[in-house]
file my_file_33.txt (compact mmCIF, C-alpha atoms)
# COMPACT_ATOMS: atom_id res chain seq x y z
CA MET A 1 -22.51 3.79 -1.83
CA PHE A 2 -20.89 3.48 -5.27
CA SER A 3 -24.09 2.11 -6.84
CA SER A 4 -25.99 5.20 -5.73
CA VAL A 5 -23.39 7.46 -7.32
CA VAL A 6 -23.69 5.93 -10.81
CA PRO A 7 -26.98 7.55 -11.84
CA LEU A 8 -25.83 10.87 -10.41
CA ALA A 9 -22.55 10.66 -12.28
CA ARG A 10 -24.32 10.47 -15.62
CA LEU A 11 -25.85 13.90 -14.96
CA ASN A 12 -22.55 15.48 -13.96
CA PRO A 13 -21.12 18.14 -16.30
CA PHE A 14 -17.65 16.65 -15.70
CA HIS A 15 -19.07 13.42 -17.08
CA ALA A 16 -20.02 15.56 -20.12
CA PRO A 17 -23.49 14.13 -20.82
CA HIS A 18 -24.23 16.07 -24.00
CA LEU A 19 -21.35 16.23 -26.46
CA GLN A 20 -18.04 15.83 -24.70
CA LEU A 21 -17.83 12.10 -24.06
CA LEU A 22 -19.24 11.34 -27.49
CA GLN A 23 -16.03 12.89 -28.74
CA ASP A 24 -13.99 11.01 -26.15
CA GLY A 25 -15.20 7.50 -26.76
CA VAL A 26 -18.60 6.82 -25.15
CA ARG A 27 -21.40 5.49 -27.33
CA LYS A 28 -24.78 7.06 -27.01
CA ARG A 29 -27.86 4.88 -27.25
CA PRO A 30 -29.63 5.53 -30.56
CA ASP A 31 -32.86 7.48 -30.36
CA PRO A 32 -35.31 6.38 -33.10
CA ALA A 33 -36.86 9.85 -33.16
CA GLU A 34 -33.50 11.56 -33.59
CA PRO A 35 -32.15 11.87 -37.16
CA PRO A 36 -28.55 10.82 -37.65
CA SER A 37 -25.96 13.55 -37.58
CA PRO A 38 -25.09 14.52 -41.17
CA ARG A 39 -21.53 15.58 -40.37
CA ARG A 40 -18.95 13.67 -38.39
CA SER A 41 -15.17 13.91 -38.52
CA LEU A 42 -13.03 10.85 -39.16
CA ALA A 43 -11.27 11.42 -35.83
CA ALA A 44 -14.52 11.39 -33.91
CA ALA A 45 -15.67 8.30 -35.79
CA ALA A 46 -12.46 6.48 -34.90
CA ILE A 47 -12.70 7.43 -31.22
CA ALA A 48 -16.32 6.31 -31.06
CA GLU A 49 -15.19 2.77 -31.82
CA GLU A 50 -13.34 2.65 -28.50
CA GLU A 51 -15.11 0.79 -25.71
CA TYR A 52 -14.62 1.80 -22.10
CA SER A 53 -14.10 -0.98 -19.55
CA CYS A 54 -16.66 0.48 -17.12
CA ALA A 55 -19.15 3.30 -16.69
CA TYR A 56 -18.08 6.67 -15.34
CA GLY A 57 -18.99 6.84 -11.66
CA SER A 58 -19.35 3.07 -11.23
CA GLY A 59 -17.80 1.16 -8.33
CA ARG A 60 -15.19 -0.34 -10.67
CA PHE A 61 -14.30 3.14 -11.93
CA PHE A 62 -13.67 4.48 -8.42
CA LEU A 63 -11.71 1.38 -7.35
CA LEU A 64 -9.44 1.55 -10.40
CA CYS A 65 -8.93 5.26 -9.80
CA GLY A 66 -7.85 4.33 -6.26
CA LEU A 67 -5.44 1.76 -7.71
CA GLY A 68 -4.04 4.46 -9.97
CA GLY A 69 -3.50 6.60 -6.87
CA ILE A 70 -1.64 3.77 -5.10
CA ILE A 71 0.68 3.26 -8.07
CA SER A 72 1.28 6.95 -8.75
CA CYS A 73 1.86 8.09 -5.15
CA GLY A 74 3.58 5.01 -3.72
CA THR A 75 6.18 4.66 -6.48
CA THR A 76 7.00 8.35 -6.95
CA HIS A 77 7.41 9.18 -3.27
CA THR A 78 9.58 6.09 -2.74
CA ALA A 79 11.77 6.97 -5.74
CA LEU A 80 12.43 10.43 -4.22
CA VAL A 81 13.27 9.20 -0.70
CA PRO A 82 16.94 10.41 -0.90
CA LEU A 83 15.86 13.96 -1.75
CA ASP A 84 13.10 13.86 0.86
CA LEU A 85 15.58 12.65 3.49
CA VAL A 86 17.96 15.54 2.82
CA LYS A 87 15.06 18.03 2.75
CA CYS A 88 13.84 16.83 6.18
CA ARG A 89 17.34 17.04 7.65
CA ILE A 90 17.79 20.60 6.38
CA GLN A 91 14.51 21.52 8.08
CA VAL A 92 15.32 20.00 11.48
CA ASP A 93 19.09 20.71 11.61
CA PRO A 94 19.99 23.61 9.25
CA GLN A 95 23.31 24.18 11.04
CA LYS A 96 24.61 20.75 10.04
CA TYR A 97 22.87 20.36 6.67
CA LYS A 98 23.36 23.75 5.04
CA SER A 99 22.12 23.03 1.49
CA ILE A 100 20.93 20.23 -0.78
CA PHE A 101 24.41 19.32 -2.00
CA ASN A 102 25.96 19.67 1.43
CA GLY A 103 23.14 17.54 2.86
CA PHE A 104 23.82 14.74 0.39
CA SER A 105 27.55 14.95 1.03
CA VAL A 106 27.23 14.79 4.83
CA THR A 107 24.68 11.95 4.69
CA VAL A 108 26.82 9.80 2.38
CA LYS A 109 29.93 10.49 4.47
CA GLU A 110 28.19 9.43 7.70
CA ASP A 111 25.85 6.66 6.55
CA GLY A 112 27.14 5.59 3.14
CA VAL A 113 25.05 5.48 -0.01
CA ARG A 114 22.59 3.09 1.65
CA GLY A 115 21.85 5.80 4.19
CA LEU A 116 20.05 7.78 1.50
CA ALA A 117 17.35 5.09 1.40
CA LYS A 118 16.42 5.42 5.07
CA GLY A 119 12.66 5.57 5.51
CA TRP A 120 11.75 3.94 2.20
CA ALA A 121 9.33 1.41 3.77
CA PRO A 122 7.07 3.86 5.67
CA THR A 123 7.22 6.14 2.64
CA PHE A 124 6.03 3.41 0.29
CA PHE A 125 3.24 2.06 2.51
CA GLY A 126 2.14 5.45 3.82
CA TYR A 127 1.92 7.23 0.49
CA SER A 128 0.35 4.24 -1.22
CA MET A 129 -2.53 4.42 1.25
CA GLN A 130 -2.64 8.18 0.87
CA GLY A 131 -2.80 7.85 -2.93
CA LEU A 132 -5.66 5.38 -2.69
CA CYS A 133 -7.75 7.85 -0.67
CA LYS A 134 -6.55 11.01 -2.41
CA PHE A 135 -7.35 10.05 -5.99
CA GLY A 136 -10.16 7.60 -5.31
CA PHE A 137 -12.13 9.90 -3.01
CA TYR A 138 -11.43 12.92 -5.22
CA GLU A 139 -13.35 11.28 -8.06
CA VAL A 140 -16.17 10.35 -5.65
CA PHE A 141 -16.49 13.82 -4.13
CA LYS A 142 -16.22 15.53 -7.51
CA VAL A 143 -19.27 13.59 -8.69
CA LEU A 144 -21.24 14.08 -5.46
CA TYR A 145 -20.56 17.80 -5.12
CA GLY A 146 -21.14 18.33 -8.82
CA ASN A 147 -24.61 16.91 -8.57
CA LEU A 148 -25.38 18.93 -5.45
CA LEU A 149 -24.56 22.09 -7.39
CA GLY A 150 -26.33 21.07 -10.59
CA GLU A 151 -25.03 21.13 -14.14
CA GLU A 152 -24.86 24.88 -14.72
CA ASN A 153 -23.45 25.83 -11.31
CA SER A 154 -20.91 23.01 -11.51
CA TYR A 155 -19.51 24.61 -14.64
CA LEU A 156 -19.60 28.18 -13.30
CA TRP A 157 -18.10 27.18 -9.94
CA ARG A 158 -15.85 24.39 -11.20
CA THR A 159 -12.71 25.74 -9.51
CA SER A 160 -14.51 25.78 -6.16
CA LEU A 161 -15.76 22.27 -6.87
CA TYR A 162 -12.20 21.05 -7.52
CA LEU A 163 -11.03 22.70 -4.28
CA ALA A 164 -13.84 21.23 -2.17
CA ALA A 165 -13.54 17.72 -3.62
CA SER A 166 -9.76 17.59 -3.20
CA ALA A 167 -9.88 18.99 0.36
CA SER A 168 -12.47 16.39 1.37
CA ALA A 169 -10.42 13.57 -0.14
CA GLU A 170 -7.18 14.72 1.48
CA PHE A 171 -8.80 14.86 4.94
CA PHE A 172 -9.21 11.08 4.86
CA ALA A 173 -5.95 10.49 2.98
CA ASP A 174 -3.92 12.13 5.76
CA ILE A 175 -5.48 9.94 8.43
CA ALA A 176 -4.18 6.97 6.45
CA LEU A 177 -0.76 8.59 5.95
CA ALA A 178 -0.06 9.96 9.46
CA PRO A 179 1.31 6.79 11.18
CA MET A 180 3.82 6.05 8.42
CA GLU A 181 4.82 9.72 8.06
CA ALA A 182 5.62 9.88 11.79
CA ALA A 183 7.78 6.74 11.55
CA LYS A 184 9.52 8.02 8.42
CA VAL A 185 10.54 11.32 10.01
CA ARG A 186 11.88 9.56 13.13
CA ILE A 187 13.99 7.22 10.99
CA GLN A 188 15.32 9.99 8.75
CA THR A 189 16.00 12.78 11.25
CA GLN A 190 17.04 11.02 14.48
CA PRO A 191 20.36 9.20 13.98
CA GLY A 192 20.51 6.00 15.98
CA TYR A 193 16.77 5.94 16.76
CA ALA A 194 15.86 3.23 14.24
CA ASN A 195 16.96 2.12 10.80
CA THR A 196 13.81 0.29 9.67
CA LEU A 197 10.04 0.51 10.05
CA ARG A 198 10.07 -2.75 12.06
CA GLN A 199 12.38 -1.12 14.60
CA ALA A 200 10.72 2.32 14.68
CA ALA A 201 7.01 1.39 15.03
CA PRO A 202 7.21 -0.71 18.26
CA LYS A 203 9.69 1.75 19.81
CA MET A 204 7.38 4.70 19.14
CA PHE A 205 4.39 2.83 20.54
CA ALA A 206 6.29 1.90 23.68
CA GLU A 207 7.34 5.52 24.28
CA GLU A 208 4.14 7.45 23.51
CA GLY A 209 1.43 4.93 22.63
CA VAL A 210 -0.90 5.45 19.67
CA TRP A 211 -0.50 9.23 20.05
CA ALA A 212 3.02 8.93 18.62
CA PHE A 213 1.55 8.01 15.24
CA TYR A 214 -1.20 10.65 15.13
CA LYS A 215 0.20 13.68 16.96
CA GLY A 216 1.28 15.08 13.60
CA VAL A 217 -2.08 14.64 11.86
CA VAL A 218 -3.24 18.25 12.41
CA PRO A 219 -0.09 19.87 10.97
CA LEU A 220 -0.26 17.18 8.29
CA TRP A 221 -3.73 18.47 7.39
CA MET A 222 -2.27 21.99 7.43
CA ARG A 223 0.39 20.90 4.95
CA GLN A 224 -1.43 18.41 2.76
CA ILE A 225 -4.92 19.92 2.38
CA PRO A 226 -3.69 23.23 0.89
CA TYR A 227 -1.17 21.23 -1.15
CA THR A 228 -3.82 18.89 -2.55
CA MET A 229 -6.31 21.68 -3.19
CA MET A 230 -3.65 23.45 -5.26
CA LYS A 231 -2.55 20.19 -6.86
CA PHE A 232 -5.98 19.28 -8.21
CA ALA A 233 -7.50 22.71 -8.90
CA CYS A 234 -4.37 24.10 -10.55
CA PHE A 235 -3.94 20.91 -12.59
CA GLU A 236 -7.55 20.86 -13.81
CA ARG A 237 -7.53 24.54 -14.82
CA THR A 238 -4.05 24.29 -16.38
CA VAL A 239 -5.15 21.36 -18.53
CA GLU A 240 -8.17 23.40 -19.58
CA ALA A 241 -5.95 26.39 -20.46
CA LEU A 242 -3.39 24.29 -22.35
CA TYR A 243 -6.01 22.73 -24.60
CA LYS A 244 -7.65 26.12 -25.13
CA TYR A 245 -4.60 28.32 -25.76
CA VAL A 246 -1.53 26.13 -26.39
CA VAL A 247 -2.39 22.79 -27.99
CA PRO A 248 -3.07 23.50 -31.69
CA LYS A 249 -5.90 20.98 -32.06
CA PRO A 250 -8.91 19.78 -30.03
CA ARG A 251 -8.31 17.16 -27.34
CA SER A 252 -10.52 14.69 -29.23
CA GLU A 253 -8.02 14.78 -32.11
CA CYS A 254 -4.96 14.32 -29.90
CA SER A 255 -3.44 10.87 -29.58
CA LYS A 256 -3.13 9.26 -26.15
CA PRO A 257 0.64 10.02 -25.94
CA GLU A 258 -0.05 13.66 -26.83
CA GLN A 259 -2.71 13.87 -24.13
CA LEU A 260 -0.27 12.40 -21.59
CA VAL A 261 2.32 15.08 -22.48
CA VAL A 262 -0.29 17.73 -21.66
CA THR A 263 -0.99 15.89 -18.40
CA PHE A 264 2.71 15.88 -17.44
CA THR A 265 3.16 19.58 -18.26
CA ALA A 266 0.09 20.64 -16.29
CA GLY A 267 1.21 18.42 -13.40
CA TYR A 268 4.62 20.09 -13.16
CA ILE A 269 3.13 23.59 -13.21
CA ALA A 270 0.71 22.59 -10.45
CA GLY A 271 3.55 21.01 -8.46
CA VAL A 272 5.56 24.23 -8.21
CA PHE A 273 2.60 26.06 -6.69
CA CYS A 274 1.89 23.09 -4.39
CA ALA A 275 5.40 23.20 -2.92
CA ILE A 276 5.22 26.91 -2.11
CA VAL A 277 1.75 26.76 -0.54
CA SER A 278 2.44 23.79 1.73
CA HIS A 279 6.10 24.28 2.70
CA PRO A 280 5.70 26.13 6.05
CA ALA A 281 3.46 23.38 7.41
CA ASP A 282 5.87 20.75 6.06
CA SER A 283 8.67 22.30 8.11
CA VAL A 284 6.49 22.18 11.24
CA VAL A 285 5.62 18.50 10.63
CA SER A 286 9.29 17.54 10.22
CA VAL A 287 10.35 19.21 13.48
CA LEU A 288 7.25 18.07 15.41
CA ASN A 289 7.71 14.40 14.56
CA LYS A 290 11.37 14.57 15.57
CA GLU A 291 10.73 16.07 19.02
CA LYS A 292 8.83 14.74 22.03
CA GLY A 293 6.30 16.86 23.89
CA SER A 294 6.20 19.79 21.48
CA SER A 295 3.03 21.22 19.94
CA ALA A 296 2.59 22.59 16.42
CA SER A 297 2.18 26.17 17.72
CA GLN A 298 5.35 25.93 19.82
CA VAL A 299 7.37 24.67 16.86
CA LEU A 300 5.95 27.39 14.61
CA VAL A 301 6.90 30.16 17.05
CA ARG A 302 10.40 28.76 17.54
CA LEU A 303 11.11 28.43 13.81
CA GLY A 304 9.84 31.90 12.95
CA PHE A 305 9.02 33.21 9.48
CA LYS A 306 12.49 32.60 8.03
CA GLY A 307 12.85 29.15 9.57
CA VAL A 308 9.68 27.68 8.06
CA TRP A 309 11.02 28.37 4.54
CA LYS A 310 14.25 26.38 5.01
CA GLY A 311 14.60 23.68 2.35
CA LEU A 312 12.07 25.30 -0.05
CA PHE A 313 14.28 24.95 -3.14
CA ALA A 314 14.74 21.22 -2.53
CA ARG A 315 11.00 20.84 -2.03
CA ILE A 316 10.14 22.72 -5.25
CA ILE A 317 12.34 20.34 -7.23
CA MET A 318 10.94 17.32 -5.41
CA ILE A 319 7.25 18.31 -5.50
CA GLY A 320 7.32 19.65 -9.06
CA THR A 321 8.78 16.40 -10.37
CA LEU A 322 6.63 14.34 -8.02
CA THR A 323 3.34 15.98 -9.00
CA ALA A 324 4.07 15.79 -12.73
CA LEU A 325 4.96 12.10 -12.49
CA GLN A 326 1.94 11.33 -10.32
CA TRP A 327 -0.52 12.87 -12.78
CA PHE A 328 1.27 11.19 -15.70
CA ILE A 329 1.16 7.76 -14.02
CA TYR A 330 -2.42 8.22 -12.82
CA ASP A 331 -3.62 9.20 -16.30
CA SER A 332 -1.61 6.34 -17.83
CA VAL A 333 -3.37 3.88 -15.50
CA LYS A 334 -6.70 5.25 -16.71
CA VAL A 335 -5.60 4.75 -20.31
CA TYR A 336 -4.35 1.20 -19.58
CA PHE A 337 -7.60 0.12 -17.93
CA ARG A 338 -9.66 1.99 -20.54
CA LEU A 339 -11.40 4.16 -17.97
CA PRO A 340 -13.55 7.15 -19.01
CA ARG A 341 -11.38 10.28 -19.17
CA PRO A 342 -13.74 13.23 -19.70
CA PRO A 343 -12.21 16.28 -21.38
CA PRO A 344 -12.20 19.68 -19.67
CA PRO A 345 -15.82 20.71 -19.04
CA GLU A 346 -17.62 22.83 -21.60
CA MET A 347 -20.39 25.30 -20.96
CA PRO A 348 -23.77 23.48 -20.91
CA GLU A 349 -26.11 24.30 -23.78
CA SER A 350 -28.75 25.55 -21.34
CA LEU A 351 -26.29 28.08 -19.93
CA LYS A 352 -25.24 29.18 -23.39
CA LYS A 353 -28.87 29.94 -24.21
CA LYS A 354 -29.29 31.91 -21.00
CA LEU A 355 -26.22 33.94 -21.83
CA ALA A 356 -27.38 34.35 -25.45
CA LEU A 357 -24.29 32.57 -26.79
CA THR A 358 -26.32 30.37 -29.11
CA GLU A 359 -28.98 31.20 -31.62
call {"tool": "encode", "arguments": {"input": "my_file_33.txt", "output": "structure tokens"}}
result
Amino acid sequence: MFSSVVPLARLNPFHAPHLQLLQDGVRKRPDPAEPPSPRRSLAAAAIAEEEYSCAYGSGRFFLLCGLGGIISCGTTHTALVPLDLVKCRIQVDPQKYKSIFNGFSVTVKEDGVRGLAKGWAPTFFGYSMQGLCKFGFYEVFKVLYGNLLGEENSYLWRTSLYLAASASAEFFADIALAPMEAAKVRIQTQPGYANTLRQAAPKMFAEEGVWAFYKGVVPLWMRQIPYTMMKFACFERTVEALYKYVVPKPRSECSKPEQLVVTFTAGYIAGVFCAIVSHPADSVVSVLNKEKGSSASQVLVRLGFKGVWKGLFARIIMIGTLTALQWFIYDSVKVYFRLPRPPPPEMPESLKKKLALTE
């Protein structure tokens, strides 16, 4: 599959076949009939000396992107387990856990400081697998859909392309996440049910069979697909806007640390919107995985409009920080492995001519 994507990737406007990746470090094969460019900045000349470790769209590229997703999602979600635990408890028992600070206080009083780490194992394994699929498949679908649209339409409809590619990737990512998410919620929200993944998984299987691990996959899609669509589309367009309106110099002249600061900033902005869009479904998932025999529609009706927004403030803090760190780590992995990192797409020359933007 990956080998068939490589030639398509080279035609993709997000791969920037004309001018963009020349500025970002990819060497172009010399054409004997083409005269050398008379003008070239020192910055561009320095960047051109950089060698990428693999071709954009190659199997190695997609696999390393998947590895970046494992590292970024697995570590960040695990680091925020205490906040996630309190957020889930506010959602399923708002009478007992009235706020973030009250939730932390009650949890520490009842379970000690170690109680804040409940659910770390399913969180780590579940979100590592989700990160593999989310980021790895996003890069795959972005290339495939981009080539279905063609160069000009990919630029004109780039936001729709980001939305479609991220939604497709998240569909598969949630199937990988669902079993561990179900176990995590049981551990965190049902005192006395189980303290570890080794205790929770066999107990859940004995009670409800395989269905126990996948009954929350539909509301998980409801939560995660809008979240991921916002996460990727908002991030991509925010990066584009920051380089265009905020950063005082072209991306090709920015150092790697400067580029990573832009990545972190865009990630945090995207994270705030992600939390708001996906929070109602997150509340349904938390309650559904705690209870036996309930359906998503029954939980939604019982919670009501006000109930589905419980714990939003905690989730904005968690998801904003989480998304910013994930994009920062993911981009850092790309830098470490010297993967191609195309800049925001520019209008193709053919489209400029059609719109009479060039002579």
call {"tool": "closest_atom_pairs", "arguments": {"input": "my_file_33.txt", "of": "range 69-146 of chain A", "to": "range 231-252 of chain A", "cutoff": "12 Å", "atoms": "only C-alpha atoms", "output": "Markdown table"}}
result
| residue | atom | partner | partner_atom | distance |
| --- | --- | --- | --- | --- |
| A:Lys134 | CA | A:Phe232 | CA | 10.1 |
| A:Phe135 | CA | A:Phe232 | CA | 9.6 |
| A:Tyr138 | CA | A:Phe232 | CA | 8.9 |
| A:Glu139 | CA | A:Phe232 | CA | 10.9 |
| A:Lys142 | CA | A:Phe232 | CA | 10.9 |
call {"tool": "residues_around", "arguments": {"input": "my_file_33.txt", "residues": "Gln190 in chain A", "least_positions_apart": "3", "cutoff": "12 Å", "atoms": "all atoms listed in the file", "output": "count of residues only"}}
result
23
call {"tool": "closest_residue", "arguments": {"input": "my_file_33.txt", "among": "A:Phe62, A:Tyr336, A:Cys133, A:Tyr127", "to": "Ala79 in chain A", "atoms": "only C-alpha atoms"}}
result
A:Tyr127
call {"tool": "residues_around", "arguments": {"input": "my_file_33.txt", "residues": "Val335 in chain A", "least_positions_apart": "6", "cutoff": "10 Å", "atoms": "all atoms listed in the file", "output": "VMD selection string"}}
result
chain A and resid 52 256 to 257 260 329 341
call {"tool": "atom_distance", "arguments": {"input": "my_file_33.txt", "atom1": "CA of Gly209 in chain A", "atom2": "CA of Ala281 in chain A"}}
result
24.0 Å
call {"tool": "atom_distance", "arguments": {"input": "my_file_33.txt", "atom1": "CA of Pro94 in chain A", "atom2": "CA of Gly112 in chain A"}}
result
20.3 Å
call {"tool": "residues_around", "arguments": {"input": "my_file_33.txt", "residues": "Ile175 in chain A", "least_positions_apart": "4", "cutoff": "10 Å", "atoms": "only C-alpha atoms", "output": "list of chain:residue names"}}
result
A:Gly126, A:Met129, A:Gln130, A:Cys133, A:Glu170, A:Phe171, A:Pro179, A:Phe213, A:Tyr214, A:Gly216, A:Val217, A:Val218, A:Leu220, A:Trp221
